[in-house]
$ cat my_file10.txt   # compact mmCIF, C-alpha atoms and all ligand atoms
# COMPACT_ATOMS: atom_id res chain seq x y z
CA MET Y 1 4.68 9.06 14.38
CA ARG Y 2 7.37 6.92 12.74
CA LYS Y 3 6.40 6.04 9.19
CA LEU Y 4 6.43 2.43 7.96
CA VAL Y 5 7.26 0.50 4.81
CA ALA Y 6 5.96 -3.06 5.02
CA GLY Y 7 6.53 -5.81 2.48
CA ASN Y 8 4.03 -8.62 1.97
CA TRP Y 9 5.76 -11.52 0.27
CA LYS Y 10 2.46 -13.47 -0.01
CA MET Y 11 3.06 -17.09 -1.19
CA ASN Y 12 6.52 -16.33 -2.55
CA GLY Y 13 9.94 -17.37 -1.33
CA THR Y 14 11.86 -20.45 -0.29
CA ARG Y 15 15.05 -20.45 1.77
CA ALA Y 16 17.01 -18.97 -1.12
CA ALA Y 17 14.98 -15.77 -0.62
CA LEU Y 18 16.69 -15.21 2.73
CA ASP Y 19 19.51 -13.70 0.69
CA ASP Y 20 17.08 -11.05 -0.57
CA LEU Y 21 16.03 -10.37 3.00
CA ARG Y 22 19.65 -9.96 4.10
CA ALA Y 23 20.26 -7.61 1.17
CA ILE Y 24 17.31 -5.41 2.18
CA ALA Y 25 18.53 -5.26 5.79
CA ALA Y 26 22.11 -4.53 4.74
CA ALA Y 27 21.03 -1.66 2.47
CA HIS Y 28 19.32 0.17 5.38
CA PRO Y 29 21.49 -0.08 8.50
CA SER Y 30 19.89 2.96 10.15
CA PRO Y 31 16.59 3.74 8.40
CA GLN Y 32 14.54 6.81 9.29
CA VAL Y 33 11.35 4.78 8.93
CA ASP Y 34 10.21 1.43 10.30
CA LEU Y 35 10.88 -1.52 8.00
CA LEU Y 36 8.91 -4.76 8.04
CA ILE Y 37 8.89 -7.82 5.80
CA CYS Y 38 6.17 -10.45 6.10
CA PRO Y 39 7.54 -13.62 4.49
CA PRO Y 40 5.59 -16.88 4.20
CA ALA Y 41 5.20 -18.70 7.52
CA THR Y 42 7.70 -21.36 6.48
CA LEU Y 43 10.46 -18.72 6.49
CA LEU Y 44 9.54 -16.82 9.66
CA ALA Y 45 12.00 -18.39 12.07
CA ALA Y 46 14.88 -18.32 9.59
CA ALA Y 47 13.99 -14.75 8.57
CA SER Y 48 14.09 -13.62 12.20
CA SER Y 49 17.52 -15.20 12.63
CA ALA Y 50 18.78 -13.74 9.35
CA THR Y 51 17.77 -10.21 10.37
CA GLU Y 52 18.67 -10.37 14.06
CA GLY Y 53 20.46 -7.22 15.15
CA THR Y 54 19.22 -5.26 12.11
CA PRO Y 55 16.38 -2.70 12.04
CA LEU Y 56 14.33 -4.92 9.70
CA TYR Y 57 11.32 -6.37 11.53
CA ILE Y 58 9.62 -9.63 10.56
CA GLY Y 59 5.87 -10.27 10.51
CA GLY Y 60 3.30 -12.92 9.67
CA GLN Y 61 0.63 -12.76 6.96
CA ASP Y 62 -2.25 -14.18 9.00
CA CYS Y 63 -3.01 -15.82 12.34
CA HIS Y 64 -5.79 -17.84 13.92
CA ALA Y 65 -8.06 -16.16 16.47
CA ALA Y 66 -7.32 -18.83 19.10
CA PRO Y 67 -3.95 -19.15 20.86
CA SER Y 68 -3.78 -22.95 20.32
CA GLY Y 69 -6.00 -25.93 19.67
CA ALA Y 70 -7.38 -28.35 17.10
CA HIS Y 71 -7.05 -26.19 13.96
CA THR Y 72 -5.13 -28.20 11.39
CA GLY Y 73 -2.92 -26.07 9.19
CA ASP Y 74 -3.45 -22.85 11.12
CA ILE Y 75 -0.88 -20.77 12.97
CA SER Y 76 -1.60 -18.80 16.14
CA ALA Y 77 -0.45 -15.34 17.12
CA PRO Y 78 1.74 -16.63 20.01
CA MET Y 79 3.41 -18.98 17.50
CA LEU Y 80 4.24 -16.02 15.25
CA ALA Y 81 5.66 -14.12 18.21
CA ASP Y 82 7.66 -17.23 19.20
CA CYS Y 83 9.24 -17.19 15.71
CA GLY Y 84 10.37 -13.61 16.21
CA ALA Y 85 7.49 -11.85 14.44
CA THR Y 86 6.51 -8.45 15.80
CA ALA Y 87 3.51 -7.85 13.52
CA VAL Y 88 0.89 -9.68 11.48
CA ILE Y 89 -1.09 -8.72 8.40
CA LEU Y 90 -4.80 -9.42 8.94
CA GLY Y 91 -7.85 -9.29 6.67
CA HIS Y 92 -5.90 -8.97 3.44
CA SER Y 93 -8.35 -8.96 0.53
CA GLU Y 94 -6.84 -12.21 -0.73
CA ARG Y 95 -7.77 -13.86 2.58
CA ARG Y 96 -11.18 -12.19 2.68
CA GLU Y 97 -11.80 -13.56 -0.82
CA ASN Y 98 -9.99 -16.93 -0.84
CA HIS Y 99 -10.83 -17.89 2.74
CA HIS Y 100 -14.14 -16.06 3.19
CA GLU Y 101 -12.83 -13.99 6.08
CA THR Y 102 -15.43 -11.65 7.55
CA ASN Y 103 -14.92 -8.36 9.40
CA GLY Y 104 -15.81 -10.12 12.66
CA LEU Y 105 -13.20 -12.80 12.14
CA VAL Y 106 -10.56 -10.20 11.28
CA ARG Y 107 -11.41 -8.34 14.50
CA ASP Y 108 -11.08 -11.56 16.55
CA LYS Y 109 -7.70 -12.24 14.93
CA ALA Y 110 -6.59 -8.69 15.74
CA LEU Y 111 -7.53 -9.23 19.40
CA ALA Y 112 -5.44 -12.43 19.36
CA ALA Y 113 -2.55 -10.48 17.86
CA PHE Y 114 -2.80 -7.82 20.61
CA ASP Y 115 -2.78 -10.55 23.29
CA ALA Y 116 0.42 -11.95 21.78
CA GLY Y 117 2.06 -8.52 21.71
CA LEU Y 118 1.95 -8.27 17.91
CA THR Y 119 1.06 -5.18 15.88
CA ALA Y 120 -2.01 -5.92 13.73
CA ILE Y 121 -1.86 -4.55 10.20
CA ILE Y 122 -5.55 -4.55 9.33
CA CYS Y 123 -6.31 -4.42 5.61
CA ILE Y 124 -9.39 -2.83 4.10
CA GLY Y 125 -10.35 -1.85 0.57
CA GLU Y 126 -13.14 -1.86 -1.98
CA THR Y 127 -13.54 -4.01 -5.09
CA LEU Y 128 -13.87 -2.48 -8.53
CA ALA Y 129 -17.60 -3.22 -8.57
CA GLN Y 130 -18.05 -1.46 -5.22
CA ARG Y 131 -16.10 1.58 -6.44
CA GLU Y 132 -18.07 1.74 -9.67
CA ALA Y 133 -21.31 1.54 -7.71
CA GLY Y 134 -20.19 4.57 -5.66
CA ASP Y 135 -20.00 2.49 -2.48
CA THR Y 136 -16.30 2.93 -1.65
CA LEU Y 137 -16.62 5.00 1.52
CA ASP Y 138 -19.53 2.88 2.82
CA VAL Y 139 -17.43 -0.26 2.36
CA ILE Y 140 -14.46 1.36 4.11
CA ARG Y 141 -16.67 2.47 7.01
CA ASP Y 142 -18.15 -1.04 7.40
CA GLN Y 143 -14.71 -2.65 7.31
CA LEU Y 144 -13.30 -0.21 9.87
CA ASP Y 145 -16.29 -0.58 12.19
CA GLY Y 146 -16.24 -4.37 11.92
CA SER Y 147 -12.54 -5.23 11.71
CA LEU Y 148 -10.85 -2.73 14.00
CA PRO Y 149 -11.21 -3.67 17.68
CA ASP Y 150 -12.32 -1.07 20.24
CA THR Y 151 -8.96 -1.62 21.94
CA ALA Y 152 -6.97 -0.61 18.84
CA THR Y 153 -4.26 1.98 19.54
CA ALA Y 154 -1.47 3.62 17.58
CA ALA Y 155 0.91 1.17 19.25
CA ASN Y 156 -0.90 -2.08 18.45
CA SER Y 157 -2.56 -1.34 15.10
CA VAL Y 158 -1.82 -0.15 11.59
CA ILE Y 159 -4.48 0.26 8.88
CA ALA Y 160 -3.65 -0.60 5.28
CA TYR Y 161 -5.93 0.75 2.56
CA GLU Y 162 -5.60 -1.55 -0.42
CA PRO Y 163 -8.14 -1.09 -3.22
CA VAL Y 164 -8.68 -4.67 -4.42
CA TRP Y 165 -8.57 -3.62 -8.07
CA ALA Y 166 -5.09 -2.10 -7.61
CA ILE Y 167 -3.47 -5.20 -6.07
CA GLY Y 168 -1.05 -6.98 -8.37
CA THR Y 169 -2.66 -5.37 -11.40
CA GLY Y 170 -0.25 -2.52 -12.05
CA LYS Y 171 -3.26 -0.19 -11.70
CA VAL Y 172 -2.63 2.38 -9.02
CA ALA Y 173 -5.41 4.39 -7.45
CA SER Y 174 -5.18 8.06 -8.41
CA LEU Y 175 -3.70 10.42 -5.84
CA ASP Y 176 -7.16 11.95 -5.39
CA GLN Y 177 -8.71 8.54 -4.77
CA ILE Y 178 -6.00 7.65 -2.24
CA GLY Y 179 -6.30 11.02 -0.49
CA GLU Y 180 -10.08 10.82 -0.28
CA VAL Y 181 -10.04 7.40 1.37
CA HIS Y 182 -7.10 8.10 3.68
CA ASP Y 183 -8.68 11.35 4.90
CA PHE Y 184 -11.93 9.46 5.43
CA ILE Y 185 -10.16 6.75 7.46
CA ARG Y 186 -8.43 9.37 9.63
CA GLU Y 187 -11.76 11.13 10.27
CA ASN Y 188 -13.45 7.85 11.10
CA ILE Y 189 -10.86 6.69 13.62
CA THR Y 190 -10.56 10.18 15.13
CA ALA Y 191 -14.32 10.20 15.73
CA ARG Y 192 -14.02 6.80 17.38
CA PHE Y 193 -10.73 7.00 19.28
CA GLY Y 194 -10.15 10.74 19.72
CA ASP Y 195 -6.73 12.34 19.52
CA ALA Y 196 -5.02 8.97 20.01
CA ALA Y 197 -5.98 8.17 16.41
CA SER Y 198 -3.61 10.84 15.10
CA GLY Y 199 -0.65 8.50 15.72
CA LEU Y 200 -2.19 5.44 14.08
CA ARG Y 201 -0.39 4.74 10.83
CA LEU Y 202 -2.34 4.48 7.57
CA LEU Y 203 -0.58 2.62 4.77
CA TYR Y 204 -1.50 2.60 1.09
CA GLY Y 205 -1.12 -0.68 -0.81
CA GLY Y 206 -1.72 -1.66 -4.42
CA SER Y 207 0.97 -1.68 -7.11
CA VAL Y 208 3.35 0.59 -5.18
CA LYS Y 209 6.61 0.68 -7.18
CA PRO Y 210 9.84 2.69 -7.20
CA GLY Y 211 8.36 4.90 -9.93
CA ASN Y 212 5.18 5.94 -8.11
CA ALA Y 213 6.13 5.75 -4.41
CA ALA Y 214 7.23 9.36 -3.95
CA GLU Y 215 4.00 10.86 -5.28
CA ILE Y 216 1.88 8.44 -3.23
CA PHE Y 217 3.84 9.35 -0.09
CA GLY Y 218 3.03 13.00 -0.77
CA VAL Y 219 -0.70 12.37 -0.30
CA SER Y 220 -2.24 13.53 2.97
CA ASN Y 221 -2.60 10.88 5.68
CA VAL Y 222 -0.42 8.37 3.83
CA ASP Y 223 2.05 7.24 6.48
CA GLY Y 224 3.75 4.52 4.47
CA ALA Y 225 3.03 1.58 2.21
CA LEU Y 226 2.18 -2.10 2.18
CA VAL Y 227 4.08 -3.42 -0.80
CA GLY Y 228 3.58 -6.76 -2.55
CA GLY Y 229 5.57 -7.58 -5.68
CA ALA Y 230 8.08 -4.76 -5.29
CA SER Y 231 9.09 -5.95 -1.79
CA LEU Y 232 10.65 -9.19 -3.01
CA LYS Y 233 13.93 -7.72 -4.25
CA GLU Y 234 16.20 -5.14 -2.65
CA VAL Y 235 16.59 -3.30 -5.96
CA ASP Y 236 12.83 -2.57 -6.03
CA PHE Y 237 12.18 -2.20 -2.30
CA SER Y 238 15.04 0.15 -1.46
CA PRO Y 239 13.88 3.06 -3.67
CA ILE Y 240 10.44 2.84 -2.02
CA ILE Y 241 12.06 3.04 1.42
CA LYS Y 242 14.16 5.99 0.29
CA ALA Y 243 11.07 7.73 -1.12
CA LEU Y 244 9.38 7.51 2.27
CA GLU Y 245 12.53 8.72 4.03
CA GLY Y 246 12.48 11.64 1.62
CA THR Y 247 9.21 12.87 3.15
CA ILE Y 248 10.76 13.30 6.61
P1 LIG X 301 1.18 -5.42 -5.04
O1 LIG X 301 2.12 -4.38 -4.50
O2 LIG X 301 1.88 -6.59 -5.66
O3 LIG X 301 0.12 -4.82 -5.90
O4 LIG X 301 0.42 -6.05 -3.76
C1 LIG X 301 -0.14 -5.19 -2.83
C2 LIG X 301 -0.58 -5.99 -1.67
O5 LIG X 301 -1.53 -6.74 -1.74
C3 LIG X 301 0.20 -5.87 -0.43
O6 LIG X 301 -0.47 -6.48 0.64
$ encode --input "my_file10.txt" --output "structure tokens" --more "lines below"
Ligand code: 13P
Amino acid sequence: MRKLVAGNWKMNGTRAALDDLRAIAAAHPSPQVDLLICPPATLLAAASSATEGTPLYIGGQDCHAAPSGAHTGDISAPMLADCGATAVILGHSERRENHHETNGLVRDKALAAFDAGLTAIICIGETLAQREAGDTLDVIRDQLDGSLPDTATAANSVIAYEPVWAIGTGKVASLDQIGEVHDFIRENITARFGDAASGLRLLYGGSVKPGNAAEIFGVSNVDGALVGGASLKEVDFSPIIKALEGTI
């Protein structure tokens, strides 16, 4: 399995940010891990051009479940692929919360991503209230069962565990908390998909920074990270990439 560092730029970045993207690509001409940045949709085509011929892949942050049609403001998976995207983040907690996305909708979007040849990065994670109620593993099980299609494989899917309370807050889950959930996810998908699940990458996300990346990457079944704020600048993102390379 090749490990993966993915950056989620969320609603950040205008064309000036393409310089940051070029800087990230230039700093890692032959990385030992996969590198992906998911810029806002407005930058996808330019980002693909800016990184052409480099090992930095470009991805979307969401897609519609239909390939085309009367859906004002939405973007389809084939459109992302047409812009040069190779992956798409789906079911991020910010979309589940702000746009009321359900597990079923996330699954349908993942199927659309597969049809377009994109890797689906399916996000799951509990809220603080769910953790405090002792419901974390039940929530994770429900999200996996409902969001991950039966046709998911190590080639077309990545799972990102992002505890909602650790996103953008500077609060990182403890190594024990991360390990417990990642082991649980691996067991769950192994029970469902068999040995094929051993190659499916599990990313941790939530306030990953240069200062904590190495210890997070040392946790069992953590195969990389989905990074928000610290993926915007090369100076923050590069040490995280190097920390993951250091585990190989
Ligand atoms: P932060 O790294 O900014 O906490 O964001 C994590 C995230 O939501 C990535 O998808």
$ atom_distance --input "my_file10.txt" --atom1 "CA of Pro40 (chain Y)" --atom2 "CA of His182 (chain Y)"
28.0 Å
$ closest_residue --input "my_file10.txt" --among "Y:Ala197, Y:Ile159, Y:Ala120, Y:Ala47" --to "Asp62 (chain Y)" --atoms "only C-alpha atoms"
Y:Ala120
$ residues_near_ligand --input "my_file10.txt" --ligand "ligand LIG 301 (chain X)" --cutoff "8 Å" --atoms "all atoms listed in the file" --output "MDAnalysis selection string"
chainID Y and resid 7:10 92:94 123 162 164 166:170 205:209 226:231
$ atom_distance --input "my_file10.txt" --atom1 "CA of Lys233 (chain Y)" --atom2 "CA of Asp20 (chain Y)"
5.9 Å
$ atom_distance --input "my_file10.txt" --atom1 "CA of Asn188 (chain Y)" --atom2 "CA of Ala112 (chain Y)"
23.3 Å
$ residues_around --input "my_file10.txt" --residues "Asp82 (chain Y)" --least-positions-apart "6" --cutoff "10 Å" --atoms "all atoms listed in the file" --output "mmCIF file with C-alpha atoms, keeping the file's coordinate frame"
data_model
loop_
_atom_site.group_PDB
_atom_site.id
_atom_site.type_symbol
_atom_site.label_atom_id
_atom_site.label_comp_id
_atom_site.auth_asym_id
_atom_site.auth_seq_id
_atom_site.Cartn_x
_atom_site.Cartn_y
_atom_site.Cartn_z
ATOM 1 C CA LEU Y 44 9.540 -16.820 9.660
ATOM 2 C CA ALA Y 45 12.000 -18.390 12.070
ATOM 3 C CA SER Y 76 -1.600 -18.800 16.140
ATOM 4 C CA ALA Y 116 0.420 -11.950 21.780
#
$ residues_near_point --input "my_file10.txt" --point "(17.5, -1.1, -4.6)" --cutoff "12 Å" --atoms "all atoms listed in the file" --output "ChimeraX atom specification"
/Y:20,23-28,209-210,230-243
$ residues_around --input "my_file10.txt" --residues "Ala81 (chain Y)" --least-positions-apart "5" --cutoff "8 Å" --atoms "all atoms listed in the file" --output "list of chain:residue names"
Y:Thr86, Y:Ala116, Y:Gly117, Y:Leu118
$ closest_residue --input "my_file10.txt" --among "Y:Asp108, Y:Asp115, Y:Asp138, Y:Asp150" --to "Ile185 (chain Y)" --atoms "all atoms listed in the file"
Y:Asp138
$ residues_around --input "my_file10.txt" --residues "Arg201 (chain Y)" --least-positions-apart "5" --cutoff "7 Å" --atoms "all atoms listed in the file" --output "PDB file with C-alpha atoms, in the coordinates of the input"
ATOM      1  CA  ALA Y 154      -1.470   3.620  17.580  1.00  0.00           C
ATOM      2  CA  VAL Y 158      -1.820  -0.150  11.590  1.00  0.00           C
ATOM      3  CA  ILE Y 159      -4.480   0.260   8.880  1.00  0.00           C
ATOM      4  CA  ASP Y 223       2.050   7.240   6.480  1.00  0.00           C
TER       5      ASP Y 223
END
$ closest_residue --input "my_file10.txt" --among "Y:Ala85, Y:Val33, Y:Val172, Y:Leu21" --to "Gly246 (chain Y)" --atoms "all atoms listed in the file"
Y:Val33
$ residues_around --input "my_file10.txt" --residues "Ser220 (chain Y)" --least-positions-apart "2" --cutoff "7 Å" --atoms "all atoms listed in the file" --output "PyMOL selection string"
chain Y and resi 179+218+222
$ closest_residue --input "my_file10.txt" --among "Y:Thr127, Y:Thr151, Y:Thr72, Y:Thr119" --to "Glu97 (chain Y)" --atoms "only C-alpha atoms"
Y:Thr127
$ residues_around --input "my_file10.txt" --residues "Gly199 (chain Y)" --least-positions-apart "5" --cutoff "9 Å" --atoms "all atoms listed in the file" --output "JSON, numbers by chain"
{"Y": [1, 2, 153, 154, 155]}
$ build_atoms --input "my_file10.txt" --residues "region 76-95 of chain Y" --atoms "N, CA, C and O atoms" --output "JSON list (two decimals), in the frame of the given file"
[["chain", "number", "residue", "atom", "x", "y", "z"],
["Y", 76, "SER", "N", -1.06, -19.77, 15.17],
["Y", 76, "SER", "CA", -1.60, -18.80, 16.14],
["Y", 76, "SER", "C", -0.68, -17.59, 16.29],
["Y", 76, "SER", "O", 0.50, -17.64, 15.93],
["Y", 77, "ALA", "N", -1.24, -16.55, 16.89],
["Y", 77, "ALA", "CA", -0.45, -15.34, 17.12],
["Y", 77, "ALA", "C", 0.73, -15.59, 18.05],
["Y", 77, "ALA", "O", 1.85, -15.13, 17.78],
["Y", 78, "PRO", "N", 0.55, -16.35, 19.16],
["Y", 78, "PRO", "CA", 1.74, -16.63, 20.01],
["Y", 78, "PRO", "C", 2.81, -17.41, 19.25],
["Y", 78, "PRO", "O", 4.01, -17.25, 19.54],
["Y", 79, "MET", "N", 2.40, -18.25, 18.29],
["Y", 79, "MET", "CA", 3.41, -18.98, 17.50],
["Y", 79, "MET", "C", 4.21, -18.02, 16.63],
["Y", 79, "MET", "O", 5.42, -18.17, 16.48],
["Y", 80, "LEU", "N", 3.53, -17.03, 16.06],
["Y", 80, "LEU", "CA", 4.24, -16.02, 15.25],
["Y", 80, "LEU", "C", 5.24, -15.28, 16.13],
["Y", 80, "LEU", "O", 6.40, -15.08, 15.75],
["Y", 81, "ALA", "N", 4.78, -14.87, 17.30],
["Y", 81, "ALA", "CA", 5.66, -14.12, 18.21],
["Y", 81, "ALA", "C", 6.86, -15.00, 18.60],
["Y", 81, "ALA", "O", 7.99, -14.52, 18.69],
["Y", 82, "ASP", "N", 6.59, -16.29, 18.81],
["Y", 82, "ASP", "CA", 7.66, -17.23, 19.20],
["Y", 82, "ASP", "C", 8.72, -17.36, 18.11],
["Y", 82, "ASP", "O", 9.88, -17.64, 18.39],
["Y", 83, "CYS", "N", 8.30, -17.14, 16.85],
["Y", 83, "CYS", "CA", 9.24, -17.19, 15.71],
["Y", 83, "CYS", "C", 10.01, -15.89, 15.54],
["Y", 83, "CYS", "O", 10.83, -15.77, 14.63],
["Y", 84, "GLY", "N", 9.67, -14.88, 16.34],
["Y", 84, "GLY", "CA", 10.37, -13.61, 16.21],
["Y", 84, "GLY", "C", 9.58, -12.56, 15.47],
["Y", 84, "GLY", "O", 10.10, -11.46, 15.21],
["Y", 85, "ALA", "N", 8.32, -12.85, 15.11],
["Y", 85, "ALA", "CA", 7.49, -11.85, 14.44],
["Y", 85, "ALA", "C", 7.07, -10.77, 15.44],
["Y", 85, "ALA", "O", 6.86, -11.06, 16.62],
["Y", 86, "THR", "N", 6.99, -9.54, 14.95],
["Y", 86, "THR", "CA", 6.51, -8.45, 15.80],
["Y", 86, "THR", "C", 5.18, -7.90, 15.30],
["Y", 86, "THR", "O", 4.58, -7.04, 15.94],
["Y", 87, "ALA", "N", 4.74, -8.37, 14.13],
["Y", 87, "ALA", "CA", 3.51, -7.85, 13.52],
["Y", 87, "ALA", "C", 2.84, -8.96, 12.73],
["Y", 87, "ALA", "O", 3.46, -10.00, 12.46],
["Y", 88, "VAL", "N", 1.59, -8.73, 12.35],
["Y", 88, "VAL", "CA", 0.89, -9.68, 11.48],
["Y", 88, "VAL", "C", -0.11, -8.93, 10.61],
["Y", 88, "VAL", "O", -0.80, -8.04, 11.08],
["Y", 89, "ILE", "N", -0.10, -9.27, 9.33],
["Y", 89, "ILE", "CA", -1.09, -8.72, 8.40],
["Y", 89, "ILE", "C", -2.40, -9.48, 8.62],
["Y", 89, "ILE", "O", -2.39, -10.72, 8.69],
["Y", 90, "LEU", "N", -3.50, -8.76, 8.72],
["Y", 90, "LEU", "CA", -4.80, -9.42, 8.94],
["Y", 90, "LEU", "C", -5.84, -8.86, 7.97],
["Y", 90, "LEU", "O", -5.83, -7.66, 7.66],
["Y", 91, "GLY", "N", -6.74, -9.73, 7.51],
["Y", 91, "GLY", "CA", -7.85, -9.29, 6.67],
["Y", 91, "GLY", "C", -7.43, -8.82, 5.30],
["Y", 91, "GLY", "O", -8.14, -8.02, 4.66],
["Y", 92, "HIS", "N", -6.28, -9.32, 4.82],
["Y", 92, "HIS", "CA", -5.90, -8.97, 3.44],
["Y", 92, "HIS", "C", -7.02, -9.40, 2.50],
["Y", 92, "HIS", "O", -7.68, -10.42, 2.73],
["Y", 93, "SER", "N", -7.22, -8.66, 1.42],
["Y", 93, "SER", "CA", -8.35, -8.96, 0.53],
["Y", 93, "SER", "C", -8.24, -10.37, -0.06],
["Y", 93, "SER", "O", -9.26, -11.01, -0.35],
["Y", 94, "GLU", "N", -6.99, -10.84, -0.20],
["Y", 94, "GLU", "CA", -6.84, -12.21, -0.73],
["Y", 94, "GLU", "C", -7.35, -13.24, 0.27],
["Y", 94, "GLU", "O", -7.88, -14.28, -0.12],
["Y", 95, "ARG", "N", -7.22, -12.95, 1.56],
["Y", 95, "ARG", "CA", -7.77, -13.86, 2.58],
["Y", 95, "ARG", "C", -9.28, -13.65, 2.71],
["Y", 95, "ARG", "O", -10.03, -14.61, 2.89]]
